[in-house]
Structure formats: structure tokens, C-alpha cells
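Asker: Quick one: the structure is below, and I'll ask about it shortly.
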Amino acid sequence: MMRTLLISLFLLLPATSLMAAEPDGKKLSQIIAELEQNTDFAYIDEVDWDQKGFYEIEYYLKTGAKVEVRIDPKTGAIVPR
């Protein structure tokens, strides 16, 4: 029983690490730096990685307006929802 459990965990490990793999392309720090170039930018509230392979970034402008964008990590371009 214990051996079966250990083997199952060992086989699942590579699959779960693939799902959490970093994307090829632009680094998240580069993408954030580009967002920060906006003169109205105030701060980033949340960054998430969705199941389709895009960054979901929520940030606020100096006016208090909330902005939610989905960004392609390979190009750094904003992708429509």
C-alpha cells in the first residue's frame, strides 16, 4: 500500500511541475515594468497565472480606477478576454 502511494506520488510530480512551469518569452518583471511606464499607474494589486497560459494582472491608476488585463507572456501584448 505505502509503496503504491509513493510510486503514484513520484509519477504525479513531473506532471504537476509542468503545469506550474514558467512561460517562454518575456519575464514577468519586464511586463510589469512596461505597465509601470504609464504615467497614470499607481500600483499592482494582484498577479495570477491562468490555466490558458496568460498572466492576469490587476492594477490601479492614480485616479483610483481598477484595471484588469490578460497578457500573453510570449509577446507581452494585452490579450482580449
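Following the order of the C-alpha cells, chains are lettered A, B, ..., residues in each are numbered from 1, and ligands are numbered from 1.
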Can you list, as a ChimeraX atom specification, every protein, DNA or RNA residue that comes within 9 Å of Val47 in chain A when you count only C-alpha atoms, leaving out same-chain residues fewer than 2 positions away?
Answerer: /A:44-45,49,55-59
Asker: Give me, please, the distance in Å between CA of Ala42 in chain A and CA of Val69 in chain A, quoted to one decimal.
Answerer: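 Taking CA of Ala42 in chain A as the start and CA of Val69 in chain A as the end point, the length is 15.0 Å.
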Asker: Any chance you could list, as a PyMOL selection string, the residues in range 42-78 of chain A that come up strand (DSSP E) when DSSP is run on the backbone?
Answerer: chain A and resi 42-49+55-61+66-71
Asker: List as an MDAnalysis selection string the protein and nucleic acid residues near Lys62 in chain A, meaning an atom at most 7 Å away when only C-alpha atoms are counted, but skip any in the same chain fewer than 2 places from it.
Answerer: chainID A and resid 40:42 60 64
Asker: From range 22-63 of chain A, collect each residue whose DSSP state is alpha helix (DSSP H) and return the set as a list in words.
Answerer: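 Those residues are Leu28, Ser29, Gln30, Ile31, Ile32, Ala33, Glu34, Leu35 and Glu36 of chain A.
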Asker: Could you take the residues named above and write them with N, CA, C and O atoms, as a short mmCIF file (atom, residue, chain, number, x, y, z; two decimals), in the first residue's frame?
Answerer:
data_model
loop_
_atom_site.label_atom_id
_atom_site.label_comp_id
_atom_site.auth_asym_id
_atom_site.auth_seq_id
_atom_site.Cartn_x
_atom_site.Cartn_y
_atom_site.Cartn_z
N LEU A 28 8.14 38.19 -16.25
CA LEU A 28 7.09 38.94 -15.58
C LEU A 28 7.58 40.32 -15.15
O LEU A 28 6.85 41.30 -15.27
N SER A 29 8.81 40.41 -14.72
CA SER A 29 9.35 41.70 -14.30
C SER A 29 9.39 42.70 -15.46
O SER A 29 9.16 43.89 -15.26
N GLN A 30 9.66 42.21 -16.67
CA GLN A 30 9.65 43.09 -17.85
C GLN A 30 8.23 43.58 -18.15
O GLN A 30 8.04 44.75 -18.48
N ILE A 31 7.28 42.68 -18.05
CA ILE A 31 5.88 43.04 -18.32
C ILE A 31 5.40 44.08 -17.32
O ILE A 31 4.78 45.08 -17.68
N ILE A 32 5.73 43.87 -16.05
CA ILE A 32 5.33 44.82 -15.01
C ILE A 32 6.00 46.17 -15.23
O ILE A 32 5.38 47.23 -15.09
N ALA A 33 7.27 46.16 -15.59
CA ALA A 33 7.99 47.41 -15.85
C ALA A 33 7.32 48.21 -16.97
O ALA A 33 7.23 49.44 -16.89
N GLU A 34 6.82 47.51 -17.99
CA GLU A 34 6.12 48.19 -19.08
C GLU A 34 4.81 48.80 -18.59
O GLU A 34 4.46 49.91 -18.99
N LEU A 35 4.08 48.08 -17.73
CA LEU A 35 2.84 48.64 -17.19
C LEU A 35 3.13 49.88 -16.35
O LEU A 35 2.37 50.85 -16.37
N GLU A 36 4.22 49.85 -15.60
CA GLU A 36 4.57 50.96 -14.72
C GLU A 36 4.97 52.22 -15.50
O GLU A 36 5.00 53.31 -14.93
#
Asker: Quick check, in Å to one decimal: how far apart do CA of Ala65 in chain A and CA of Glu46 in chain A lie?
Answerer: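 Between these atoms lies a distance of 14.4 Å.
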